[in-house]
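A.B. asks: What follows is a structure written as structure tokens; I'll ask about it next.
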Amino acid sequence: PSSPTPQQFRHYQLSSLDQQIPPVYNHLVLFYPATTNAQTYNFKLSVSQALTHFYPLAGRIINNSIVDCNDEGIPFKEAQVKCRLSDFLHDPLPQQLNKLYPFPLDDAAELPMGIQFNTFLCGGIGIGVCVSHKIGDALSFFTFLNTWAAIARGDTKNVVLPELVSAKLFPPRNVSVPEPVMEKSEKNIATKRLVFSASKIEEIRAKYAVDHEIRPSRIEALSAFIWSRFIASTKEKPSPNG
């Protein structure tokens, strides 16, 4: 953080909900076209200023109970990607995307957060961000990203400060972390990426707009479509024998 955390905020208590969350990271890669080295410094400076407000992210998780807000900071790694940004984004594979993050996504231990600054041959960049799900959910994750972006732009009016009150709403308990539903496997696992073109998404939106008075957003329409296909494919089929 750009300034020390006050002593009265040294220990951040995890809520009972946080304690039951598996040790995984929320993650996202932010891609930008060619930039300059001066902006790399701005990224580091702005994230340190954002961490002053989101100080638990710069601490260390202890015994699935508290975050020691000791201002040790976060890992900020830099990597070179041996291709152009446009080539990478043409049809990226999940295995390739995972290399843009600072550490494995399913092994969140004591580090609440990490960033990897990836530079492509063309000068484009990809910023891989990981935040422990024990510290923040998706809304908290994007609140941090938006605040970080506002600070980097010098847009102080849009800096949103977090409300660190989850432990008051959901007091901590003596609970054990649930075992993963699926065990980790060292074997190679095939993955597939489904791409929906803009025109197809608009067709889906139009379909749902006919069925409902309100036209859904792109994410609403696509989410509804995917879930409807999932339900249809997993629904028990009637027996041919009756």
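Identifiers in the structure tokens: chain A, B, ... in order shown; residue index from 1 per chain; ligand index from 1 in order shown.
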Can you tell me, as a list in words, what residues are no more than 8 Å from stretch 157-171 of chain A when counting only C-alpha atoms, ignoring any on the same chain fewer than 2 positions away?
C.D. replies: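 So, after excluding close chain neighbours, the residues are Gln13, Leu14, Ser15, Ser16, Leu17, His53, Phe54, Ser140, Thr143, Asn146, Thr147, Trp148, Ala150, Ile151, Asp155 and Arg173 of chain A.
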A.B. asks: Write the residues of the selection above to a file with N, CA and C atoms, as a CSV table (one decimal), in the first residue's frame.
C.D. replies:
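For reference, out_12.csv as written:
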chain,number,residue,atom,x,y,z
A,13,GLN,N,-11.1,-9.8,10.2
A,13,GLN,CA,-11.8,-11.1,10.5
A,13,GLN,C,-12.5,-11.6,9.3
A,14,LEU,N,-12.3,-12.9,9.0
A,14,LEU,CA,-13.1,-13.5,7.9
A,14,LEU,C,-14.5,-13.8,8.5
A,15,SER,N,-15.5,-13.7,7.7
A,15,SER,CA,-16.9,-14.0,8.1
A,15,SER,C,-17.1,-15.5,8.0
A,16,SER,N,-18.2,-16.0,8.5
A,16,SER,CA,-18.5,-17.4,8.4
A,16,SER,C,-18.6,-17.9,7.0
A,17,LEU,N,-19.2,-17.0,6.1
A,17,LEU,CA,-19.3,-17.3,4.7
A,17,LEU,C,-17.9,-17.4,4.0
A,53,HIS,N,-6.9,1.5,0.4
A,53,HIS,CA,-8.3,1.5,0.7
A,53,HIS,C,-8.7,0.0,0.9
A,54,PHE,N,-8.2,-0.9,0.1
A,54,PHE,CA,-8.5,-2.3,0.2
A,54,PHE,C,-7.4,-3.1,0.9
A,140,SER,N,-17.1,-7.5,-5.1
A,140,SER,CA,-15.9,-6.9,-4.4
A,140,SER,C,-14.7,-6.8,-5.4
A,143,THR,N,-15.3,-4.1,-7.8
A,143,THR,CA,-15.3,-2.8,-7.1
A,143,THR,C,-13.8,-2.4,-7.0
A,146,ASN,N,-12.5,-1.4,-10.5
A,146,ASN,CA,-13.0,0.0,-10.9
A,146,ASN,C,-12.4,1.1,-10.1
A,147,THR,N,-12.1,0.8,-8.8
A,147,THR,CA,-11.4,1.8,-8.0
A,147,THR,C,-10.0,2.0,-8.5
A,148,TRP,N,-9.3,0.9,-8.7
A,148,TRP,CA,-7.9,1.0,-9.2
A,148,TRP,C,-7.9,1.8,-10.6
A,150,ALA,N,-10.0,4.0,-11.6
A,150,ALA,CA,-10.3,5.4,-11.4
A,150,ALA,C,-9.1,6.1,-10.8
A,151,ILE,N,-8.4,5.5,-9.9
A,151,ILE,CA,-7.2,6.1,-9.4
A,151,ILE,C,-6.1,6.3,-10.5
A,155,ASP,N,-9.3,10.0,-11.6
A,155,ASP,CA,-10.7,10.3,-11.5
A,155,ASP,C,-11.2,10.0,-10.1
A,173,ARG,N,-17.2,-18.7,12.6
A,173,ARG,CA,-17.5,-19.8,13.4
A,173,ARG,C,-16.3,-20.8,13.3
A.B. asks: As a PDB file with N, CA and C atoms, in the first residue's frame, list the residues of stretch 29-235 of chain A assigned to strand (DSSP E or B) by DSSP on the backbone atoms of this structure.
C.D. replies:
ATOM      1  N   VAL A  29      -8.187 -11.196 -16.882  1.00  0.00           N
ATOM      2  CA  VAL A  29      -7.085 -10.576 -17.615  1.00  0.00           C
ATOM      3  C   VAL A  29      -7.632  -9.351 -18.341  1.00  0.00           C
ATOM      4  N   LEU A  30      -6.993  -8.215 -18.122  1.00  0.00           N
ATOM      5  CA  LEU A  30      -7.374  -6.962 -18.776  1.00  0.00           C
ATOM      6  C   LEU A  30      -6.388  -6.695 -19.908  1.00  0.00           C
ATOM      7  N   PHE A  31      -6.885  -6.612 -21.132  1.00  0.00           N
ATOM      8  CA  PHE A  31      -6.018  -6.420 -22.300  1.00  0.00           C
ATOM      9  C   PHE A  31      -6.074  -4.969 -22.773  1.00  0.00           C
ATOM     10  N   TYR A  32      -4.891  -4.447 -23.150  1.00  0.00           N
ATOM     11  CA  TYR A  32      -4.785  -3.075 -23.645  1.00  0.00           C
ATOM     12  C   TYR A  32      -3.840  -3.059 -24.844  1.00  0.00           C
ATOM     13  N   ARG A  60      -1.914 -11.081   4.759  1.00  0.00           N
ATOM     14  CA  ARG A  60      -1.731 -12.528   4.621  1.00  0.00           C
ATOM     15  C   ARG A  60      -2.843 -13.239   5.387  1.00  0.00           C
ATOM     16  N   ILE A  61      -3.451 -14.252   4.737  1.00  0.00           N
ATOM     17  CA  ILE A  61      -4.519 -15.027   5.365  1.00  0.00           C
ATOM     18  C   ILE A  61      -3.906 -16.024   6.342  1.00  0.00           C
ATOM     19  N   ILE A  62      -4.442 -16.085   7.556  1.00  0.00           N
ATOM     20  CA  ILE A  62      -3.906 -16.960   8.601  1.00  0.00           C
ATOM     21  C   ILE A  62      -4.996 -17.911   9.089  1.00  0.00           C
ATOM     22  N   ILE A  66      -8.352 -15.135  10.003  1.00  0.00           N
ATOM     23  CA  ILE A  66      -8.158 -13.693   9.897  1.00  0.00           C
ATOM     24  C   ILE A  66      -7.195 -13.372   8.766  1.00  0.00           C
ATOM     25  N   VAL A  67      -7.172 -12.102   8.410  1.00  0.00           N
ATOM     26  CA  VAL A  67      -6.147 -11.584   7.507  1.00  0.00           C
ATOM     27  C   VAL A  67      -5.262 -10.665   8.323  1.00  0.00           C
ATOM     28  N   ASP A  68      -3.985 -10.989   8.370  1.00  0.00           N
ATOM     29  CA  ASP A  68      -3.023 -10.127   9.045  1.00  0.00           C
ATOM     30  C   ASP A  68      -2.684  -8.995   8.085  1.00  0.00           C
ATOM     31  N   PHE A  76       3.826  -8.751  -7.700  1.00  0.00           N
ATOM     32  CA  PHE A  76       3.618  -8.037  -8.960  1.00  0.00           C
ATOM     33  C   PHE A  76       4.674  -8.553  -9.925  1.00  0.00           C
ATOM     34  N   LYS A  77       4.277  -9.489 -10.778  1.00  0.00           N
ATOM     35  CA  LYS A  77       5.220 -10.128 -11.693  1.00  0.00           C
ATOM     36  C   LYS A  77       5.124  -9.499 -13.077  1.00  0.00           C
ATOM     37  N   GLU A  78       6.227  -9.578 -13.805  1.00  0.00           N
ATOM     38  CA  GLU A  78       6.258  -9.095 -15.186  1.00  0.00           C
ATOM     39  C   GLU A  78       6.723 -10.227 -16.083  1.00  0.00           C
ATOM     40  N   ALA A  79       6.063 -10.382 -17.238  1.00  0.00           N
ATOM     41  CA  ALA A  79       6.382 -11.479 -18.153  1.00  0.00           C
ATOM     42  C   ALA A  79       6.327 -10.986 -19.594  1.00  0.00           C
ATOM     43  N   GLN A  80       7.102 -11.647 -20.444  1.00  0.00           N
ATOM     44  CA  GLN A  80       7.110 -11.355 -21.874  1.00  0.00           C
ATOM     45  C   GLN A  80       6.369 -12.470 -22.609  1.00  0.00           C
ATOM     46  N   VAL A  81       5.439 -12.096 -23.471  1.00  0.00           N
ATOM     47  CA  VAL A  81       4.673 -13.067 -24.256  1.00  0.00           C
ATOM     48  C   VAL A  81       5.188 -13.030 -25.689  1.00  0.00           C
ATOM     49  N   MET A 113      -3.963 -11.700  -2.952  1.00  0.00           N
ATOM     50  CA  MET A 113      -4.017 -11.086  -4.274  1.00  0.00           C
ATOM     51  C   MET A 113      -2.668 -11.155  -4.968  1.00  0.00           C
ATOM     52  N   GLY A 114      -2.694 -11.131  -6.292  1.00  0.00           N
ATOM     53  CA  GLY A 114      -1.476 -11.072  -7.088  1.00  0.00           C
ATOM     54  C   GLY A 114      -1.780 -10.488  -8.455  1.00  0.00           C
ATOM     55  N   ILE A 115      -0.764  -9.893  -9.092  1.00  0.00           N
ATOM     56  CA  ILE A 115      -0.911  -9.289 -10.415  1.00  0.00           C
ATOM     57  C   ILE A 115       0.271  -9.705 -11.280  1.00  0.00           C
ATOM     58  N   GLN A 116      -0.010 -10.005 -12.548  1.00  0.00           N
ATOM     59  CA  GLN A 116       1.064 -10.273 -13.503  1.00  0.00           C
ATOM     60  C   GLN A 116       0.899  -9.338 -14.694  1.00  0.00           C
ATOM     61  N   PHE A 117       1.960  -8.594 -14.992  1.00  0.00           N
ATOM     62  CA  PHE A 117       1.966  -7.610 -16.075  1.00  0.00           C
ATOM     63  C   PHE A 117       2.629  -8.261 -17.287  1.00  0.00           C
ATOM     64  N   ASN A 118       1.826  -8.623 -18.285  1.00  0.00           N
ATOM     65  CA  ASN A 118       2.316  -9.342 -19.467  1.00  0.00           C
ATOM     66  C   ASN A 118       2.459  -8.392 -20.652  1.00  0.00           C
ATOM     67  N   THR A 119       3.641  -8.379 -21.270  1.00  0.00           N
ATOM     68  CA  THR A 119       3.893  -7.519 -22.422  1.00  0.00           C
ATOM     69  C   THR A 119       4.033  -8.372 -23.675  1.00  0.00           C
ATOM     70  N   PHE A 120       3.269  -8.051 -24.717  1.00  0.00           N
ATOM     71  CA  PHE A 120       3.307  -8.782 -25.983  1.00  0.00           C
ATOM     72  C   PHE A 120       4.327  -8.148 -26.928  1.00  0.00           C
ATOM     73  N   ILE A 125      -0.455  -5.110 -23.839  1.00  0.00           N
ATOM     74  CA  ILE A 125      -0.275  -5.686 -22.506  1.00  0.00           C
ATOM     75  C   ILE A 125      -1.527  -6.448 -22.078  1.00  0.00           C
ATOM     76  N   GLY A 126      -1.318  -7.388 -21.178  1.00  0.00           N
ATOM     77  CA  GLY A 126      -2.403  -8.120 -20.544  1.00  0.00           C
ATOM     78  C   GLY A 126      -2.133  -8.160 -19.051  1.00  0.00           C
ATOM     79  N   ILE A 127      -3.025  -7.618 -18.264  1.00  0.00           N
ATOM     80  CA  ILE A 127      -2.835  -7.553 -16.812  1.00  0.00           C
ATOM     81  C   ILE A 127      -3.665  -8.653 -16.170  1.00  0.00           C
ATOM     82  N   GLY A 128      -2.988  -9.697 -15.686  1.00  0.00           N
ATOM     83  CA  GLY A 128      -3.669 -10.795 -15.024  1.00  0.00           C
ATOM     84  C   GLY A 128      -3.827 -10.502 -13.541  1.00  0.00           C
ATOM     85  N   VAL A 129      -5.062 -10.497 -13.055  1.00  0.00           N
ATOM     86  CA  VAL A 129      -5.355 -10.151 -11.659  1.00  0.00           C
ATOM     87  C   VAL A 129      -6.033 -11.332 -10.973  1.00  0.00           C
ATOM     88  N   CYS A 130      -5.550 -11.692  -9.797  1.00  0.00           N
ATOM     89  CA  CYS A 130      -6.148 -12.752  -8.984  1.00  0.00           C
ATOM     90  C   CYS A 130      -6.465 -12.198  -7.597  1.00  0.00           C
ATOM     91  N   VAL A 131      -7.673 -12.461  -7.108  1.00  0.00           N
ATOM     92  CA  VAL A 131      -8.073 -12.070  -5.755  1.00  0.00           C
ATOM     93  C   VAL A 131      -8.724 -13.274  -5.090  1.00  0.00           C
ATOM     94  N   SER A 132      -8.251 -13.627  -3.912  1.00  0.00           N
ATOM     95  CA  SER A 132      -8.791 -14.781  -3.198  1.00  0.00           C
ATOM     96  C   SER A 132     -10.288 -14.626  -2.965  1.00  0.00           C
TER      97      SER A 132
END
A.B. asks: Apply DSSP to the backbone of this structure and, from stretch 21-91 of chain A, keep only the residues in helix (DSSP H, G or I); write these as a ChimeraX atom specification.
C.D. replies: /A:37-53,55-58,85-90
A.B. asks: Mind dumping the selected residues with C-alpha atoms as a compact mmCIF listing (two decimals), in the first residue's frame?
C.D. replies:
# COMPACT_ATOMS: atom_id res chain seq x y z
CA ASN A 37 7.01 2.01 -20.15
CA ALA A 38 5.96 5.13 -18.25
CA GLN A 39 2.49 3.65 -17.90
CA THR A 40 3.93 0.52 -16.29
CA TYR A 41 5.10 2.68 -13.41
CA ASN A 42 1.65 4.27 -13.24
CA PHE A 43 0.07 0.82 -12.89
CA LYS A 44 2.32 0.00 -9.93
CA LEU A 45 1.72 3.36 -8.28
CA SER A 46 -2.04 3.29 -8.75
CA VAL A 47 -2.41 -0.27 -7.44
CA SER A 48 -0.45 0.65 -4.31
CA GLN A 49 -2.81 3.59 -3.78
CA ALA A 50 -5.86 1.35 -4.29
CA LEU A 51 -4.48 -1.16 -1.77
CA THR A 52 -4.47 1.57 0.87
CA HIS A 53 -8.28 1.46 0.74
CA TYR A 55 -5.80 -3.06 2.79
CA PRO A 56 -6.72 -6.74 3.52
CA LEU A 57 -5.58 -7.58 -0.01
CA ALA A 58 -2.03 -6.56 0.93
CA LEU A 85 -1.70 -9.32 -28.79
CA SER A 86 -3.99 -9.57 -31.83
CA ASP A 87 -2.77 -13.11 -32.56
CA PHE A 88 -3.27 -14.14 -28.95
CA LEU A 89 -6.82 -12.80 -28.81
CA HIS A 90 -7.83 -14.39 -32.11
A.B. asks: Of the residues A:Ala34, A:Leu28, A:Leu194, A:Leu97, which is the one nearest to A:Ile226, using only C-alpha atoms?
C.D. replies: A:Leu194
A.B. asks: Which distance in Å separates atom CA of A:Gln19 and atom CA of A:Ile135, to one decimal?
C.D. replies: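 Spanning atom CA of A:Gln19 to atom CA of A:Ile135 is a straight-line distance of 9.6 Å.
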A.B. asks: Any idea what the distance is between atom CA of A:Ala109 and atom CA of A:Asn64?
C.D. replies: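 Atom CA of A:Asn64 lies 9.2 Å from atom CA of A:Ala109.
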A.B. asks: Please, what distance in Å, to one decimal, runs between atom CA of A:Arg10 and atom CA of A:His133?
C.D. replies: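 Separation of atom CA of A:Arg10 and atom CA of A:His133: 20.0 Å.
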